[in-house]
$ cat upload_6.cif   # mmCIF, C-alpha atoms
data_coords
#
loop_
_atom_site.label_atom_id
_atom_site.label_comp_id
_atom_site.auth_asym_id
_atom_site.auth_seq_id
_atom_site.Cartn_x
_atom_site.Cartn_y
_atom_site.Cartn_z
CA MET G 1 -0.92 -24.95 0.63
CA SER G 2 -2.79 -22.89 -1.93
CA THR G 3 -1.56 -19.39 -2.59
CA PRO G 4 -4.03 -16.66 -1.65
CA VAL G 5 -5.18 -13.98 -4.06
CA PRO G 6 -3.63 -10.72 -2.88
CA LEU G 7 -5.72 -7.54 -2.96
CA LYS G 8 -4.74 -4.13 -1.73
CA ILE G 9 -6.26 -0.92 -0.53
CA VAL G 10 -4.35 2.36 -0.46
CA ILE G 11 -4.45 4.40 2.74
CA ALA G 12 -3.72 7.97 1.66
CA GLY G 13 -3.86 11.47 3.05
CA GLY G 14 -1.63 14.24 4.29
CA PHE G 15 1.30 13.99 6.66
CA GLY G 16 0.37 12.93 10.20
CA VAL G 17 -3.31 12.44 9.40
CA GLY G 18 -3.55 8.96 10.92
CA LYS G 19 -2.61 6.60 8.07
CA THR G 20 -0.29 4.43 10.13
CA THR G 21 -2.77 4.40 13.02
CA THR G 22 -5.50 3.28 10.62
CA VAL G 23 -3.38 0.40 9.33
CA ALA G 24 -2.34 -0.59 12.85
CA SER G 25 -5.93 -0.62 14.12
CA ILE G 26 -7.08 -3.31 11.73
CA SER G 27 -3.98 -5.17 10.51
CA GLU G 28 -3.58 -8.67 11.91
CA ILE G 29 0.19 -8.32 11.74
CA ASP G 30 2.09 -5.48 13.38
CA PRO G 31 2.38 -2.91 10.62
CA LEU G 32 5.59 -3.36 8.69
CA SER G 33 7.71 -0.68 7.17
CA THR G 34 9.81 -1.09 4.11
CA GLU G 35 11.97 1.26 2.13
CA ALA G 36 11.82 2.21 -1.47
CA GLU G 37 14.30 4.39 -3.26
CA MET G 38 12.81 6.76 -5.71
CA THR G 39 13.22 9.77 -7.84
CA GLU G 40 11.56 12.93 -6.72
CA VAL G 41 8.85 14.04 -9.08
CA SER G 42 8.85 17.70 -8.20
CA SER G 43 11.35 20.26 -7.10
CA THR G 44 9.21 21.66 -4.31
CA VAL G 45 10.38 20.92 -0.81
CA ASP G 46 7.91 20.42 2.00
CA ASP G 47 8.56 22.27 5.20
CA ALA G 48 8.35 19.19 7.43
CA ALA G 49 11.38 17.57 5.89
CA LEU G 50 13.51 20.49 4.64
CA LEU G 51 15.36 18.10 2.42
CA PRO G 52 18.01 19.50 0.16
CA ASP G 53 17.36 19.27 -3.55
CA LYS G 54 18.41 15.83 -4.72
CA HIS G 55 17.46 13.34 -7.33
CA THR G 56 16.71 10.21 -5.38
CA THR G 57 15.48 9.70 -1.88
CA THR G 58 14.48 6.81 0.29
CA VAL G 59 11.03 6.76 1.82
CA ALA G 60 9.48 4.39 4.27
CA MET G 61 6.21 2.79 3.34
CA ASP G 62 4.00 1.29 6.02
CA PHE G 63 1.64 -1.56 5.41
CA GLY G 64 -0.47 -4.18 7.11
CA CYS G 65 -2.46 -7.24 6.14
CA LEU G 66 -5.82 -8.89 6.77
CA THR G 67 -6.82 -12.46 5.98
CA ILE G 68 -10.26 -12.15 4.41
CA ASP G 69 -10.81 -15.88 3.98
CA GLN G 70 -8.76 -18.92 3.03
CA ASN G 71 -8.11 -17.58 -0.44
CA ILE G 72 -8.00 -13.81 -0.11
CA LYS G 73 -5.44 -11.62 1.62
CA LEU G 74 -6.05 -7.89 1.83
CA TYR G 75 -3.05 -5.58 2.12
CA LEU G 76 -3.30 -2.02 3.33
CA PHE G 77 -0.55 0.24 2.02
CA GLY G 78 -0.03 3.70 3.46
CA THR G 79 1.29 6.32 1.08
CA PRO G 80 4.26 8.37 2.21
CA GLY G 81 2.91 11.62 3.61
CA GLN G 82 4.58 13.99 1.20
CA ASP G 83 2.85 14.52 -2.09
CA ARG G 84 6.08 14.81 -4.05
CA PHE G 85 6.44 11.03 -3.91
CA GLY G 86 3.91 10.60 -6.67
CA PHE G 87 6.11 7.98 -8.26
CA LEU G 88 5.65 5.67 -5.31
CA TRP G 89 1.94 6.29 -5.28
CA ASP G 90 1.70 4.78 -8.76
CA ASP G 91 3.46 1.71 -7.44
CA ILE G 92 1.09 1.41 -4.49
CA ALA G 93 -2.06 2.33 -6.37
CA PHE G 94 -1.62 0.11 -9.43
CA GLY G 95 -4.17 -2.69 -9.30
CA ALA G 96 -5.65 -1.54 -6.00
CA VAL G 97 -9.29 -2.10 -5.06
CA GLY G 98 -9.44 1.56 -4.10
CA ALA G 99 -8.23 4.15 -1.64
CA LEU G 100 -9.24 5.54 1.70
CA VAL G 101 -8.30 9.22 1.67
CA ILE G 102 -7.96 10.23 5.29
CA VAL G 103 -8.78 13.82 6.11
CA ASP G 104 -7.99 15.85 9.19
CA PRO G 105 -10.95 18.24 9.43
CA ARG G 106 -8.63 20.92 10.83
CA ARG G 107 -6.27 20.69 7.84
CA LEU G 108 -8.42 20.00 4.81
CA ASP G 109 -5.81 21.28 2.34
CA ASP G 110 -3.46 18.41 3.15
CA CYS G 111 -5.61 15.86 1.37
CA PHE G 112 -5.96 17.77 -1.93
CA PRO G 113 -3.07 15.93 -3.62
CA ALA G 114 -4.57 12.56 -2.68
CA VAL G 115 -8.07 13.51 -3.87
CA ASP G 116 -6.68 14.85 -7.15
CA TYR G 117 -4.51 11.80 -7.63
CA PHE G 118 -7.29 9.23 -7.24
CA GLU G 119 -9.69 11.27 -9.34
CA ASP G 120 -7.09 11.35 -12.12
CA MET G 121 -6.37 7.62 -11.72
CA ASP G 122 -10.10 6.91 -11.82
CA LEU G 123 -9.65 4.65 -8.80
CA PRO G 124 -12.60 4.22 -6.39
CA PHE G 125 -12.01 6.19 -3.21
CA VAL G 126 -13.78 7.22 -0.05
CA VAL G 127 -13.04 10.38 1.88
CA ALA G 128 -12.71 9.32 5.52
CA VAL G 129 -12.71 12.19 8.00
CA ASN G 130 -10.66 11.20 11.03
CA LEU G 131 -12.37 12.53 14.13
CA PHE G 132 -9.41 13.10 16.41
CA ASP G 133 -11.50 14.51 19.21
CA GLY G 134 -14.75 12.75 18.44
CA ARG G 135 -16.47 15.85 17.12
CA LEU G 136 -17.04 17.24 13.69
CA THR G 137 -17.24 21.00 13.64
CA HIS G 138 -18.22 21.24 9.97
CA GLY G 139 -20.86 19.03 8.39
CA LEU G 140 -19.67 16.36 5.97
CA GLU G 141 -21.37 18.16 3.10
CA SER G 142 -19.45 21.35 3.81
CA ILE G 143 -16.23 19.30 3.77
CA ARG G 144 -17.31 17.82 0.43
CA TRP G 145 -17.88 21.33 -0.87
CA ALA G 146 -14.51 22.51 0.44
CA LEU G 147 -12.72 19.55 -1.14
CA ASP G 148 -14.76 19.79 -4.33
CA VAL G 149 -15.24 16.03 -4.59
CA ASP G 150 -17.87 14.55 -6.86
CA PRO G 151 -21.25 13.63 -5.35
CA HIS G 152 -20.66 9.92 -6.11
CA VAL G 153 -17.62 9.82 -3.81
CA PRO G 154 -18.76 8.52 -0.41
CA MET G 155 -17.73 10.50 2.67
CA VAL G 156 -17.57 8.95 6.11
CA THR G 157 -16.37 9.95 9.53
CA PHE G 158 -14.26 7.52 11.50
CA ASP G 159 -11.79 7.12 14.33
CA ALA G 160 -8.43 5.80 13.10
CA ARG G 161 -7.73 4.30 16.54
CA ASP G 162 -10.86 2.16 16.54
CA ARG G 163 -10.84 -1.20 14.77
CA VAL G 164 -14.57 -1.36 14.08
CA SER G 165 -14.59 2.21 12.89
CA VAL G 166 -11.74 1.51 10.45
CA ARG G 167 -13.57 -1.64 9.34
CA ASP G 168 -16.67 0.43 8.54
CA ALA G 169 -14.64 2.91 6.51
CA LEU G 170 -13.13 0.02 4.51
CA ILE G 171 -16.61 -1.47 4.00
CA ALA G 172 -17.77 1.88 2.57
CA LEU G 173 -14.83 1.77 0.17
CA VAL G 174 -15.34 -1.82 -0.99
CA ASP G 175 -19.07 -1.14 -1.36
CA ASN G 176 -18.21 1.79 -3.58
CA ALA G 177 -15.73 -0.31 -5.58
CA ILE G 178 -18.45 -2.91 -6.24
CA ARG G 179 -20.87 -0.23 -7.39
CA ARG G 180 -18.21 1.22 -9.67
CA VAL G 181 -17.64 -2.20 -11.28
CA GLN G 182 -21.35 -2.74 -11.78
CA GLN G 183 -22.18 0.78 -12.95
CA PRO G 184 -19.11 2.60 -14.15
CA VAL G 185 -19.36 6.30 -13.41
CA THR G 186 -19.50 8.57 -16.39
CA ARG G 187 -17.35 11.46 -15.34
CA LEU G 188 -18.35 14.93 -16.32
CA VAL G 189 -15.78 16.73 -18.36
CA HIS G 190 -15.68 20.38 -17.41
CA MET J 1 15.58 -5.70 10.33
CA THR J 2 11.89 -5.18 10.79
CA ARG J 3 10.89 -1.77 11.88
CA VAL J 4 7.67 -0.67 13.41
CA ALA J 5 5.64 1.80 11.46
CA GLY J 6 5.45 5.49 12.14
CA ASP J 7 8.97 6.63 11.50
CA HIS J 8 8.66 7.95 7.95
CA GLU J 9 10.51 11.06 9.01
CA ARG J 10 13.77 9.23 9.26
CA LYS J 11 14.03 8.72 5.55
CA SER J 12 17.15 10.72 4.74
CA GLU J 13 19.04 9.79 7.92
CA THR J 14 18.61 6.07 7.32
CA ARG J 15 22.01 4.48 7.33
CA PRO J 16 23.04 3.03 4.00
CA SER J 17 22.66 -0.72 3.76
CA ALA J 18 25.96 -2.56 4.08
CA VAL J 19 25.74 -3.94 0.56
CA ARG J 20 24.52 -1.70 -2.22
CA PRO J 21 21.52 -3.05 -4.09
CA PHE J 22 23.36 -3.23 -7.42
CA LEU J 23 25.89 -5.58 -5.86
CA LEU J 24 23.18 -7.84 -4.50
CA THR J 25 21.80 -8.23 -7.96
CA GLY J 26 25.18 -8.81 -9.54
CA GLY J 27 25.02 -5.55 -11.49
CA ARG J 28 22.36 -6.95 -13.78
CA VAL J 29 19.25 -5.06 -14.58
CA VAL J 30 16.27 -7.40 -14.56
CA ALA J 31 12.86 -6.10 -15.53
CA ALA J 32 11.03 -6.62 -12.27
CA THR J 33 8.63 -3.72 -12.59
CA ASP J 34 5.64 -5.96 -13.18
CA LEU J 35 5.97 -7.47 -9.70
CA PRO J 36 3.27 -5.82 -7.60
CA LEU J 37 4.05 -5.07 -3.95
CA GLU J 38 1.32 -7.48 -2.89
CA ALA J 39 2.36 -10.32 -5.27
CA GLN J 40 2.62 -13.60 -3.39
CA VAL J 41 5.96 -15.33 -3.56
CA VAL J 42 6.30 -19.04 -2.78
CA THR J 43 9.41 -21.20 -2.83
CA ARG J 44 9.24 -24.25 -5.05
CA GLU J 45 10.31 -27.09 -2.82
CA ILE J 46 10.54 -29.66 -5.62
CA ASP J 47 14.18 -30.64 -5.16
CA GLY J 48 15.22 -28.36 -2.33
CA SER J 49 17.77 -26.78 -4.65
CA TRP J 50 17.10 -23.36 -3.10
CA ARG J 51 19.16 -24.55 -0.14
CA GLN J 52 22.26 -24.21 -2.32
CA LEU J 53 21.64 -20.50 -2.75
CA SER J 54 23.59 -18.00 -0.73
CA PHE J 55 22.97 -14.82 1.21
CA GLU J 56 19.87 -12.81 0.33
CA ARG J 57 18.68 -15.30 -2.26
CA ARG J 58 18.67 -18.07 0.30
CA ASP J 59 17.01 -15.80 2.89
CA ILE J 60 14.24 -15.02 0.43
CA ALA J 61 13.71 -18.68 -0.50
CA SER J 62 13.70 -19.69 3.15
CA LEU J 63 11.19 -16.97 4.06
CA CYS J 64 8.86 -17.80 1.19
CA ARG J 65 8.21 -21.42 2.11
CA ALA J 66 4.79 -20.09 3.11
CA PRO J 67 3.29 -17.58 0.62
CA ILE J 68 4.27 -14.01 1.46
CA SER J 69 4.10 -10.69 -0.39
CA VAL J 70 6.99 -8.88 -2.05
CA ALA J 71 6.49 -6.02 0.43
CA GLU J 72 6.66 -8.39 3.43
CA VAL J 73 9.84 -9.99 2.08
CA ALA J 74 11.43 -6.53 1.85
CA ALA J 75 10.29 -5.48 5.33
CA THR J 76 11.24 -8.75 7.00
CA LEU J 77 14.70 -8.94 5.48
CA GLY J 78 15.39 -5.20 5.71
CA LEU J 79 15.93 -4.90 1.96
CA GLN J 80 14.66 -2.22 -0.34
CA VAL J 81 11.60 -3.09 -2.38
CA GLY J 82 13.49 -2.56 -5.65
CA THR J 83 16.18 -5.01 -4.60
CA VAL J 84 13.63 -7.63 -3.59
CA ARG J 85 11.82 -7.24 -6.91
CA VAL J 86 15.01 -7.90 -8.84
CA LEU J 87 16.04 -10.87 -6.69
CA VAL J 88 12.56 -12.39 -6.76
CA SER J 89 12.27 -12.09 -10.53
CA GLU J 90 15.72 -13.65 -10.88
CA LEU J 91 14.85 -16.52 -8.52
CA HIS J 92 11.59 -16.94 -10.37
CA ALA J 93 13.40 -17.16 -13.70
CA ALA J 94 15.74 -19.77 -12.20
CA GLY J 95 12.75 -21.85 -11.11
CA HIS J 96 13.23 -21.45 -7.35
CA LEU J 97 10.12 -19.36 -6.76
CA ALA J 98 6.55 -19.18 -7.96
CA VAL J 99 4.96 -15.74 -8.07
CA HIS J 100 1.22 -15.07 -7.96
CA GLY J 101 0.01 -11.55 -8.57
CA ALA J 102 -2.71 -10.46 -10.97
CA SER J 103 -4.61 -8.43 -8.43
CA THR J 104 -5.63 -5.98 -11.17
CA GLU J 105 -8.19 -8.48 -12.43
CA ALA J 106 -9.22 -9.63 -8.97
CA SER J 107 -9.78 -6.12 -7.68
CA ARG J 108 -12.38 -5.52 -10.42
CA ASP J 109 -14.16 -8.85 -9.86
CA PRO J 110 -17.52 -8.27 -8.13
CA GLN J 111 -17.58 -11.79 -6.68
CA ILE J 112 -14.18 -11.37 -5.08
CA LEU J 113 -15.13 -7.92 -3.82
CA GLU J 114 -18.32 -9.34 -2.27
CA ARG J 115 -16.15 -11.86 -0.43
CA VAL J 116 -13.95 -9.04 0.82
CA LEU J 117 -17.06 -7.27 2.06
CA ARG J 118 -18.21 -10.40 3.92
CA GLY J 119 -14.75 -10.85 5.40
CA LEU J 120 -14.67 -7.25 6.61
CA ARG J 121 -18.16 -7.50 8.10
CA ALA J 122 -17.00 -10.51 10.10
CA ILE J 123 -14.40 -8.37 11.88
CA SER J 124 -15.48 -7.26 15.31
#
$ encode --input "upload_6.cif" --output "structure tokens"
Amino acid sequence: MSTPVPLKIVIAGGFGVGKTTTVASISEIDPLSTEAEMTEVSSTVDDAALLPDKHTTTVAMDFGCLTIDQNIKLYLFGTPGQDRFGFLWDDIAFGAVGALVIVDPRRLDDCFPAVDYFEDMDLPFVVAVNLFDGRLTHGLESIRWALDVDPHVPMVTFDARDRVSVRDALIALVDNAIRRVQQPVTRLVH
Amino acid sequence: MTRVAGDHERKSETRPSAVRPFLLTGGRVVAATDLPLEAQVVTREIDGSWRQLSFERRDIASLCRAPISVAEVAATLGLQVGTVRVLVSELHAAGHLAVHGASTEASRDPQILERVLRGLRAIS
């Protein structure tokens, strides 16, 4: 049996934005969860967890997998929801094809850490607005303005519960990754 | 101990594993940091010597008879990723496992990315 080439895509975004749902919709295995022990990178405490100040913590990381063809396996790794786990993000993001940054249009602020992170990492990413109720009250361009993402970053709307919709969001990301390889973006330095 | 996804919130209440990771790895620190989560691990069946291994090492070798990622090994066996990395790199050094990673190159290869695109488009 030949060993497949493993590729990965990061599924990022704020807490409860639909990352696990996204992975579950398209993964051919039931999403798995594994634990990683890590050092906290910041002293701020998010209000969802109310964790006491401590040096290491264990987070669960969800992931799924897709067989692309006989020789390529694509893994989808969800980032832990809290942005203080930046250390784990490095682990997940290193060598990735790119990232899908999932946005809840009602809570735009939650995705700022993810957007900043992938911009800093210079990793291809797509902003995917999860339409929980099927409607978008703001236009995509106003969301782009609010998030202050560069014009070359694709923005799509999708439904995390729908397999084909998730597929299309991933296609937008891989398309973008190919364009980035062929024509590297010269980033403006402000 | 495979858990379904969606229970990130449990993190701090998770019961400690029965054996601490440093015991599993014999107290040795092995540089395993260059093992990506998605790296494929395969048992080398040459002489079946992995069958002489015990506990987690044997579980890993048994599980990896078909290629599987580091992350899947951790999730399937209920071990922390860090522990699996150390055990896998140790088993690799001992010749029991082959490890295939190098996705950094592959994820910047337009031909491979085009194949990913075709594979995704075939999903319905």
$ resolve_selection --input "upload_6.cif" --expression "the PyMOL selection byres ((chain G) within 7 of (chain J))" --output "ChimeraX atom specification"
/G:3,6-7,20,31-36,57-60,62,68-69,75,95-97,164,167,171,174,178,181
$ resolve_selection --input "upload_6.cif" --expression "the PyMOL selection byres ((chain G and resi 112-124) around 8)" --output "list in words"
Ala12, Gly13, Gly14, Asp83, Ala96, Val97, Gly98, Ala99, Val101, Leu108, Asp109, Asp110, Cys111, Phe125, Val126, Leu147, Val149, Val153, Leu173, Asn176, Ala177 and Arg180 of chain G
$ atom_distance --input "upload_6.cif" --atom1 "atom CA of Leu76 of chain G" --atom2 "atom CA of Asp104 of chain G"
19.4 Å
$ residues_around --input "upload_6.cif" --residues "Ile92 of chain G" --least-positions-apart "2" --cutoff "7 Å" --atoms "all atoms listed in the file" --output "compact mmCIF listing (two decimals) with C-alpha atoms, keeping the file's coordinate frame"
# COMPACT_ATOMS: atom_id res chain seq x y z
CA VAL G 10 -4.35 2.36 -0.46
CA PHE G 77 -0.55 0.24 2.02
CA LEU G 88 5.65 5.67 -5.31
CA TRP G 89 1.94 6.29 -5.28
CA ASP G 90 1.70 4.78 -8.76
CA PHE G 94 -1.62 0.11 -9.43
$ atom_distance --input "upload_6.cif" --atom1 "atom CA of Glu141 of chain G" --atom2 "atom CA of Val156 of chain G"
10.4 Å
$ resolve_selection --input "upload_6.cif" --expression "the PyMOL selection byres ((chain J and resi 58) around 12)" --output "PyMOL selection string"
chain J and resi 43+48-57+59-65+77+87-88+91+96-97
$ atom_distance --input "upload_6.cif" --atom1 "atom CA of Gly134 of chain G" --atom2 "atom CA of Ser25 of chain G"
16.6 Å
